[in-house]
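Here is start22.cif, consisting of mmCIF, C-alpha atoms and all ligand atoms:
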data_protein
loop_
_atom_site.label_atom_id
_atom_site.label_comp_id
_atom_site.auth_asym_id
_atom_site.auth_seq_id
_atom_site.Cartn_x
_atom_site.Cartn_y
_atom_site.Cartn_z
CA MET A 25 9.79 -17.10 16.95
CA GLN A 26 6.42 -15.96 15.70
CA GLY A 27 5.95 -13.73 18.74
CA ASP A 28 9.05 -11.71 17.83
CA VAL A 29 7.75 -10.71 14.43
CA PRO A 30 6.59 -7.10 14.41
CA LYS A 31 3.00 -6.63 13.31
CA THR A 32 4.01 -4.30 10.50
CA LEU A 33 5.39 -7.05 8.26
CA PRO A 34 3.52 -7.36 4.97
CA ARG A 35 1.08 -10.23 5.14
CA ALA A 36 -1.12 -12.18 2.75
CA THR A 37 -3.94 -14.40 4.02
CA PHE A 38 -5.92 -16.84 1.89
CA LEU A 39 -9.53 -16.01 2.70
CA GLY A 40 -10.75 -18.71 0.34
CA SER A 41 -9.13 -21.21 -2.01
CA GLY A 42 -12.16 -22.95 -3.51
CA THR A 43 -13.78 -22.93 -6.91
CA SER A 44 -17.08 -21.19 -7.65
CA GLN A 45 -19.29 -23.60 -5.65
CA GLY A 46 -16.83 -23.85 -2.76
CA VAL A 47 -15.88 -27.14 -1.10
CA PRO A 48 -17.87 -28.94 0.25
CA ILE A 49 -20.43 -28.58 -2.49
CA ILE A 50 -24.04 -28.52 -1.35
CA GLY A 51 -25.45 -32.05 -1.50
CA CYS A 52 -22.22 -33.75 -2.62
CA SER A 53 -21.38 -37.05 -0.98
CA CYS A 54 -17.78 -37.42 -2.20
CA GLU A 55 -14.95 -38.06 0.28
CA VAL A 56 -13.48 -34.58 -0.18
CA CYS A 57 -16.78 -32.88 0.61
CA HIS A 58 -17.05 -35.09 3.69
CA SER A 59 -13.44 -34.74 4.80
CA ASP A 60 -12.67 -33.79 8.40
CA ASP A 61 -9.45 -32.10 7.31
CA PRO A 62 -10.09 -28.33 7.52
CA ARG A 63 -7.79 -27.88 4.53
CA ASP A 64 -10.49 -29.59 2.44
CA HIS A 65 -12.99 -26.88 3.35
CA ARG A 66 -12.59 -24.15 0.77
CA LEU A 67 -14.54 -20.91 0.68
CA ARG A 68 -14.69 -18.91 -2.52
CA CYS A 69 -11.39 -17.42 -3.68
CA SER A 70 -10.06 -14.25 -2.15
CA LEU A 71 -6.77 -12.98 -0.75
CA TRP A 72 -6.36 -10.42 2.04
CA VAL A 73 -3.16 -8.46 1.48
CA GLU A 74 -1.62 -6.13 4.04
CA VAL A 75 1.15 -4.27 2.25
CA GLY A 76 2.41 -0.71 2.01
CA GLY A 77 0.52 0.14 5.18
CA LYS A 78 -2.85 -0.73 3.60
CA SER A 79 -5.36 -3.51 4.16
CA VAL A 80 -6.67 -4.70 0.79
CA VAL A 81 -8.79 -7.61 -0.40
CA ILE A 82 -8.60 -9.13 -3.84
CA ASP A 83 -12.24 -9.95 -4.73
CA THR A 84 -15.34 -10.07 -2.55
CA GLY A 85 -17.03 -13.39 -3.26
CA PRO A 86 -20.22 -14.75 -1.67
CA ASP A 87 -18.21 -15.71 1.46
CA PHE A 88 -16.77 -12.21 1.99
CA ARG A 89 -18.71 -11.52 5.19
CA ILE A 90 -17.76 -14.75 6.88
CA GLN A 91 -14.15 -14.34 5.73
CA MET A 92 -13.96 -10.87 7.29
CA LEU A 93 -15.38 -12.25 10.54
CA ARG A 94 -13.15 -15.33 10.52
CA GLU A 95 -9.99 -13.26 10.09
CA ARG A 96 -11.23 -10.50 12.40
CA VAL A 97 -10.44 -7.86 9.79
CA GLN A 98 -10.68 -4.52 11.57
CA SER A 99 -10.10 -2.19 8.65
CA LEU A 100 -10.20 -2.32 4.90
CA ASP A 101 -8.64 0.37 2.73
CA ALA A 102 -9.46 -0.92 -0.76
CA VAL A 103 -10.94 -3.73 -2.83
CA VAL A 104 -9.18 -4.91 -5.98
CA TYR A 105 -11.11 -7.08 -8.46
CA THR A 106 -9.89 -9.80 -10.79
CA HIS A 107 -13.12 -10.13 -12.80
CA GLU A 108 -16.87 -9.95 -12.62
CA HIS A 109 -17.90 -13.58 -12.07
CA LYS A 110 -20.29 -13.96 -9.17
CA ASP A 111 -17.90 -16.06 -7.07
CA HIS A 112 -15.56 -13.03 -7.02
CA LEU A 113 -18.10 -10.20 -6.77
CA ALA A 114 -21.22 -11.32 -4.91
CA GLY A 115 -20.19 -10.17 -1.42
CA MET A 116 -19.53 -6.53 -2.27
CA ASP A 117 -22.61 -5.33 -0.38
CA ASP A 118 -20.89 -6.39 2.85
CA ILE A 119 -18.29 -3.63 2.65
CA ARG A 120 -20.96 -1.51 4.40
CA PRO A 121 -19.61 -2.11 7.91
CA PHE A 122 -16.25 -0.70 6.79
CA ASN A 123 -17.99 2.37 5.34
CA PHE A 124 -19.70 2.79 8.67
CA LEU A 125 -16.72 2.08 10.93
CA GLN A 126 -14.23 4.10 8.92
CA ARG A 127 -16.67 6.80 7.80
CA THR A 128 -15.12 6.68 4.36
CA VAL A 129 -16.04 5.68 0.87
CA MET A 130 -14.42 2.39 -0.23
CA PRO A 131 -11.95 2.68 -3.11
CA ILE A 132 -12.54 -0.12 -5.60
CA TYR A 133 -10.03 -0.95 -8.33
CA ALA A 134 -11.74 -2.57 -11.28
CA SER A 135 -11.73 -2.89 -15.05
CA GLU A 136 -14.52 -1.34 -17.09
CA ARG A 137 -16.17 -4.75 -17.37
CA VAL A 138 -16.15 -5.18 -13.60
CA GLU A 139 -17.43 -1.64 -13.18
CA ALA A 140 -20.35 -2.46 -15.50
CA ALA A 141 -21.10 -5.62 -13.51
CA LEU A 142 -21.04 -3.69 -10.22
CA HIS A 143 -23.51 -1.18 -11.66
CA ARG A 144 -25.73 -4.03 -12.83
CA ASP A 145 -25.59 -6.25 -9.75
CA PHE A 146 -25.53 -3.50 -7.12
CA HIS A 147 -27.52 -0.83 -8.98
CA TYR A 148 -28.92 0.54 -5.70
CA ALA A 149 -25.42 1.66 -4.68
CA PHE A 150 -25.15 3.92 -7.70
CA GLU A 151 -28.55 5.60 -7.77
CA PRO A 152 -28.51 9.39 -7.50
CA ASN A 153 -30.81 9.49 -4.48
CA LYS A 154 -29.51 6.48 -2.65
CA HIS A 155 -30.63 5.85 0.86
CA GLY A 156 -28.44 5.07 3.82
CA GLY A 157 -27.42 1.46 4.32
CA VAL A 158 -26.05 0.92 0.83
CA PRO A 159 -22.39 0.36 -0.02
CA ASP A 160 -20.49 3.58 -0.63
CA VAL A 161 -17.86 2.95 -3.26
CA ASP A 162 -15.49 4.93 -5.42
CA ILE A 163 -14.52 2.97 -8.53
CA ARG A 164 -11.04 3.58 -9.90
CA LEU A 165 -10.62 2.10 -13.33
CA ILE A 166 -7.77 -0.22 -14.14
CA GLU A 167 -6.47 0.35 -17.62
CA GLY A 168 -4.58 -2.55 -19.15
CA ASP A 169 -1.44 -3.21 -17.15
CA ARG A 170 -1.05 0.31 -15.76
CA ALA A 171 0.23 0.03 -12.19
CA PHE A 172 -1.34 1.92 -9.31
CA GLU A 173 -0.24 2.81 -5.79
CA LEU A 174 -1.96 1.78 -2.60
CA GLY A 175 -0.17 3.34 0.34
CA GLU A 176 3.51 2.61 -0.12
CA ALA A 177 2.98 -0.41 -2.36
CA THR A 178 2.79 -0.55 -6.15
CA TRP A 179 0.15 -2.89 -7.53
CA GLN A 180 0.88 -4.24 -10.97
CA PRO A 181 -2.18 -5.53 -12.86
CA LEU A 182 -1.51 -8.73 -14.82
CA PRO A 183 -3.70 -9.03 -17.93
CA LEU A 184 -4.88 -12.66 -18.28
CA MET A 185 -7.46 -14.64 -20.23
CA HIS A 186 -10.28 -16.69 -18.66
CA ALA A 187 -11.53 -18.41 -21.83
CA GLU A 188 -12.90 -15.41 -23.82
CA LEU A 189 -12.94 -13.08 -20.83
CA PRO A 190 -10.07 -10.64 -20.22
CA ILE A 191 -9.33 -10.60 -16.49
CA HIS A 192 -6.62 -9.33 -14.14
CA GLY A 193 -4.17 -10.89 -11.77
CA TYR A 194 -1.96 -8.71 -9.57
CA ARG A 195 1.63 -8.48 -8.53
CA VAL A 196 2.61 -6.67 -5.38
CA GLU A 197 5.89 -6.79 -3.43
CA GLY A 198 7.14 -9.98 -5.10
CA LEU A 199 3.82 -11.81 -4.72
CA ALA A 200 1.82 -12.60 -7.86
CA TYR A 201 -1.85 -13.63 -7.63
CA ILE A 202 -3.50 -15.27 -10.61
CA THR A 203 -6.95 -16.79 -10.38
CA ASP A 204 -9.47 -18.03 -12.96
CA ALA A 205 -6.99 -17.87 -15.83
CA ASN A 206 -6.55 -20.43 -18.55
CA HIS A 207 -4.06 -18.42 -20.60
CA ILE A 208 -1.26 -15.96 -19.87
CA PRO A 209 -0.73 -13.53 -22.78
CA ASN A 210 2.84 -13.03 -24.04
CA ASP A 211 3.19 -9.50 -22.64
CA THR A 212 2.18 -10.66 -19.17
CA TRP A 213 4.97 -13.22 -18.77
CA GLY A 214 7.48 -10.36 -18.47
CA LEU A 215 5.46 -8.88 -15.60
CA LEU A 216 6.01 -12.13 -13.69
CA ASP A 217 9.79 -12.02 -13.94
CA GLY A 218 11.48 -12.45 -10.60
CA VAL A 219 8.39 -13.01 -8.44
CA ASP A 220 9.23 -14.66 -5.15
CA THR A 221 5.85 -16.32 -4.65
CA LEU A 222 3.26 -17.18 -7.25
CA VAL A 223 -0.38 -18.00 -6.58
CA VAL A 224 -2.05 -19.61 -9.59
CA ASN A 225 -5.39 -21.30 -10.12
CA ALA A 226 -5.58 -25.08 -10.61
CA LEU A 227 -9.14 -26.38 -10.84
CA ARG A 228 -8.75 -30.16 -11.06
CA PRO A 229 -6.63 -32.82 -12.78
CA SER A 230 -8.75 -32.96 -15.96
CA PRO A 231 -8.82 -30.10 -18.50
CA HIS A 232 -11.42 -27.33 -18.35
CA TYR A 233 -12.28 -24.75 -21.01
CA SER A 234 -11.78 -21.67 -18.84
CA HIS A 235 -9.48 -22.65 -15.93
CA PHE A 236 -5.98 -24.08 -15.76
CA SER A 237 -5.98 -27.78 -14.96
CA LEU A 238 -3.45 -29.10 -12.46
CA ASP A 239 -0.89 -29.94 -15.19
CA GLU A 240 -1.36 -26.57 -16.86
CA ALA A 241 -0.88 -24.76 -13.55
CA LEU A 242 2.28 -26.79 -12.87
CA ASP A 243 3.57 -25.73 -16.32
CA VAL A 244 2.89 -22.09 -15.44
CA ALA A 245 4.67 -22.57 -12.12
CA ARG A 246 7.73 -24.03 -13.87
CA HIS A 247 7.76 -21.21 -16.43
CA VAL A 248 7.55 -18.49 -13.80
CA GLY A 249 10.09 -20.23 -11.60
CA ALA A 250 9.01 -18.61 -8.36
CA ARG A 251 10.69 -19.79 -5.17
CA GLN A 252 7.27 -20.97 -4.00
CA THR A 253 3.97 -21.52 -5.82
CA TYR A 254 0.54 -22.01 -4.25
CA LEU A 255 -2.40 -23.44 -6.18
CA THR A 256 -5.87 -22.01 -5.59
CA HIS A 257 -9.47 -21.98 -6.95
CA ILE A 258 -9.60 -25.70 -6.27
CA SER A 259 -12.50 -28.07 -6.94
CA HIS A 260 -13.43 -31.18 -4.96
CA LEU A 261 -12.21 -33.10 -8.01
CA MET A 262 -8.63 -32.21 -6.97
CA GLY A 263 -8.96 -34.89 -4.29
CA LEU A 264 -8.01 -34.77 -0.62
CA HIS A 265 -5.60 -31.98 0.25
CA SER A 266 -3.24 -34.28 2.13
CA GLU A 267 -3.01 -36.83 -0.69
CA ARG A 268 -2.75 -34.39 -3.58
CA ASN A 269 -0.33 -32.05 -1.85
CA ALA A 270 2.06 -34.94 -1.23
CA THR A 271 2.33 -35.57 -4.99
CA LEU A 272 3.32 -32.00 -5.94
CA PRO A 273 6.87 -31.02 -6.89
CA GLU A 274 9.05 -29.24 -4.35
CA GLY A 275 8.19 -25.56 -4.05
CA ILE A 276 4.59 -26.11 -5.18
CA SER A 277 1.73 -26.61 -2.71
CA LEU A 278 -2.02 -26.45 -2.61
CA ALA A 279 -3.22 -23.32 -0.86
CA PHE A 280 -5.80 -23.71 1.88
CA ASP A 281 -8.16 -21.35 3.67
CA GLY A 282 -6.42 -19.44 6.39
CA LEU A 283 -2.93 -20.02 5.00
CA GLN A 284 -1.01 -16.90 5.91
CA LEU A 285 2.22 -15.62 4.41
CA GLU A 286 4.53 -12.97 5.82
CA ARG A 287 7.16 -11.06 3.90
CA ARG A 288 10.59 -11.17 5.49
CA ASP A 289 13.85 -10.33 3.69
CA GLN A 290 12.05 -9.98 0.33
CA GLU A 291 10.52 -13.46 0.63
CA TRP A 292 7.00 -14.53 1.51
CA HIS A 293 6.99 -17.33 4.05
CA PRO A 294 4.07 -19.12 5.71
CA THR A 295 3.46 -18.29 9.32
CA ASN A 296 3.09 -21.28 11.63
CA ARG A 297 -0.68 -21.04 11.52
CA GLN A 298 -2.18 -24.33 10.35
CA HIS A 299 -5.60 -23.41 9.06
CA ALA A 300 -8.44 -21.10 9.89
CA TRP A 301 -11.53 -22.92 10.99
CA THR A 302 -13.83 -25.61 9.84
CA LEU A 303 -17.44 -25.39 8.69
ZN ZN A 401 -13.85 -18.03 -9.94
ZN ZN A 402 -17.70 -33.42 -3.47
ZN ZN A 403 -14.30 -16.74 -13.20
#

Show me this structure written as C-alpha cells.
Amino acid sequence: MQGDVPKTLPRATFLGSGTSQGVPIIGCSCEVCHSDDPRDHRLRCSLWVEVGGKSVVIDTGPDFRIQMLRERVQSLDAVVYTHEHKDHLAGMDDIRPFNFLQRTVMPIYASERVEAALHRDFHYAFEPNKHGGVPDVDIRLIEGDRAFELGEATWQPLPLMHAELPIHGYRVEGLAYITDANHIPNDTWGLLDGVDTLVVNALRPSPHYSHFSLDEALDVARHVGARQTYLTHISHLMGLHSERNATLPEGISLAFDGLQLERRDQEWHPTNRQHAWTL
C-alpha cells in the first residue's frame, strides 16, 4: 500500500550506518568488507529527517555528497550536529549546492565545541571578505538540552558522553537518535521516556573506550524500552548483517544504509524499501 501513502508523512532515512572508516574499510580483506550484501556496505553515519515540513540532516560526514545524490535530496532546510569528529563533520563544504539552489544561508544547529571545529576546519567560510563558492552558514548554538523548533517540529537535544567528549543526540516526533555515545547521563534518561523508536550506536561485540559495544547498546535499548530500536555506527567487526541481525532480540535490528522509516499513527515504521545501493 506504499503508493497510497501521502508524501507529507514524516520520514527518516539512514544515509549512513557505518563507523568512522565506513564499511568496507580500505584495504581490508575480511568477509564483511567483501560481502555482496548491500546491507554490509555502510557509509559514515547520518540521518535525513523530514519532519514538521522541514528537510534536515543530522551530521554531514565525508560521504555527505554521495548521500545527497543517492537519496536525490532536492532541498535541505537545516543541518543539526551531534559532535565535531571528522566522520560527522567533514562533508559540510558540500552544502554549497543547497545555498545556490535555494538562494539561502544554511541554518546549522551546533554546540559551541562544534562551532569552534567548524571555524577551524572550514575557516574560509567565516572570513570577513569571503569569496563566492564557499558554504554560507548561520550557526545557531545549542545550549545544553534546550529544545528548538524547526518548522512545526520540536527538536530536543539529548546530552550524551562520548568518552570525555560531551555530545548531543536528538529526539524529534517520538524518534530518538543517539550516535557515538558510550554513556547516557542521568538527566538524559528522562528525555528518552516514551520514545517510539530509538536509534543507538553499537560499534562491535567487544568493548571500546568511547562507543557502546553491542551488549551495552542492547542494555540501553532495554532501558529505554522503545517499540523498535535500530543499531548504527557499526564496524566490520560486528560481522555480516544477515547473521548478526538474526541473533538480536525482537524489536532490535541493525540499521543499514537506505533504511527508511515513515511516521504513521505516532509510530515510525520501515517502508518496504530494501536498501539503497551498493558500492
Ligand atoms: Zn563517529
Ligand atoms: Zn573488514
Ligand atoms: Zn565520534

At most 7 Å from (1.7, -5.0, -2.6), file frame, all atoms listed in the file: which residues, as a CSV table (one decimal) with C-alpha atoms, keeping the file's coordinate frame?
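Everything below was put into selection_25.csv:
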chain,number,residue,atom,x,y,z
A,75,VAL,CA,1.2,-4.3,2.2
A,76,GLY,CA,2.4,-0.7,2.0
A,177,ALA,CA,3.0,-0.4,-2.4
A,178,THR,CA,2.8,-0.6,-6.2
A,179,TRP,CA,0.2,-2.9,-7.5
A,195,ARG,CA,1.6,-8.5,-8.5
A,196,VAL,CA,2.6,-6.7,-5.4
A,197,GLU,CA,5.9,-6.8,-3.4

* Compute the set of protein, DNA and RNA residues whose minimum atom distance to ligand ZN 401 (chain A) is at most 8 Å, using all atoms listed in the file, and state it as a PyMOL selection string. => chain A and resi 43-44+68-69+109-112+203-204+257

* Asked: What do you get as number ranges by chain if you pick all residues at most 12 Å from ligand ZN 403 (chain A), counting all atoms listed in the file?
  -> A: 42-45, 68-69, 83, 85, 105-113, 138, 184-193, 202-206, 225, 227, 233-236, 257

Under the rule of at most 6 Å, produce a per-residue listing of chain A near ligand ZN 402 (chain A): chain, number, name, the closest pair of atoms, and the distance in Å, as JSON lines, using only C-alpha atoms and all ligand atoms.
{"residue": "A:Pro48", "atom": "CA", "partner": "A:ZN402", "partner_atom": "ZN", "distance": 5.8}
{"residue": "A:Ile49", "atom": "CA", "partner": "A:ZN402", "partner_atom": "ZN", "distance": 5.6}
{"residue": "A:Cys52", "atom": "CA", "partner": "A:ZN402", "partner_atom": "ZN", "distance": 4.6}
{"residue": "A:Ser53", "atom": "CA", "partner": "A:ZN402", "partner_atom": "ZN", "distance": 5.7}
{"residue": "A:Cys54", "atom": "CA", "partner": "A:ZN402", "partner_atom": "ZN", "distance": 4.2}
{"residue": "A:Val56", "atom": "CA", "partner": "A:ZN402", "partner_atom": "ZN", "distance": 5.5}
{"residue": "A:Cys57", "atom": "CA", "partner": "A:ZN402", "partner_atom": "ZN", "distance": 4.2}
{"residue": "A:His260", "atom": "CA", "partner": "A:ZN402", "partner_atom": "ZN", "distance": 5.0}

Around all the atoms of segment 125-136 of chain A listed in the file, with 8 Å of room on each side, what axis-aligned box do you get, giving centre and edge lengths in Å to one decimal, as JSON?
{"center_x": -13.4, "center_y": 2.0, "center_z": -3.1, "size_x": 22.7, "size_y": 25.7, "size_z": 44.0}

* Can you tell me, as an MDAnalysis selection string, what residues are no more than 8 Å from segment 158-174 of chain A when counting only C-alpha atoms, ignoring any on the same chain fewer than 3 positions away? -> chainID A and resid 76 78 116:120 123 128:136 139 148:149 154:155 177:183

* To do: Using only C-alpha atoms, determine which residues lie at most 12 Å from Ser277 of chain A, disregarding the query and same-chain residues fewer than 3 positions distant; provide the list as an NGL selection string.
  => :A and (221-226 or 238 or 241-242 or 245 or 251-256 or 258 or 265-274 or 280 or 283 or 294)

* Who sits within 12 Å of Gly282 of chain A, all atoms listed in the file, same chain under 2 positions skipped, as a PyMOL selection string -> chain A and resi 35-42+62-67+69-72+91-92+94-96+279-280+284-285+294-302

* Structure fact -> Between atom CA of Ala250 of chain A and atom CA of Ala200 of chain A lies a distance of 9.4 Å

* Structure fact -> Nearest to Val47 of chain A, restricted to all atoms listed in the file and choosing among A:Thr84, A:Ser79, A:Ser259, A:Ser99, comes out as A:Ser259

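Taking atom CA of Gly115 of chain A and atom CA of Gly263 of chain A as the two end points, the separation is 27.3 Å.
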
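Atom CA of Val104 of chain A lies 16.1 Å from atom CA of Arg89 of chain A.
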
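The nearest approach to Pro209 of chain A among the residues A:Arg127, A:Gly46, A:Pro152, A:Val244, with all atoms listed in the file taken into account, belongs to A:Val244.
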
* Choose the residue, out of A:Leu100, A:Ile50, A:Val81, A:Ile90, that has the smallest atom-to-atom separation from Gln126 of chain A; count all atoms listed in the file. => A:Leu100
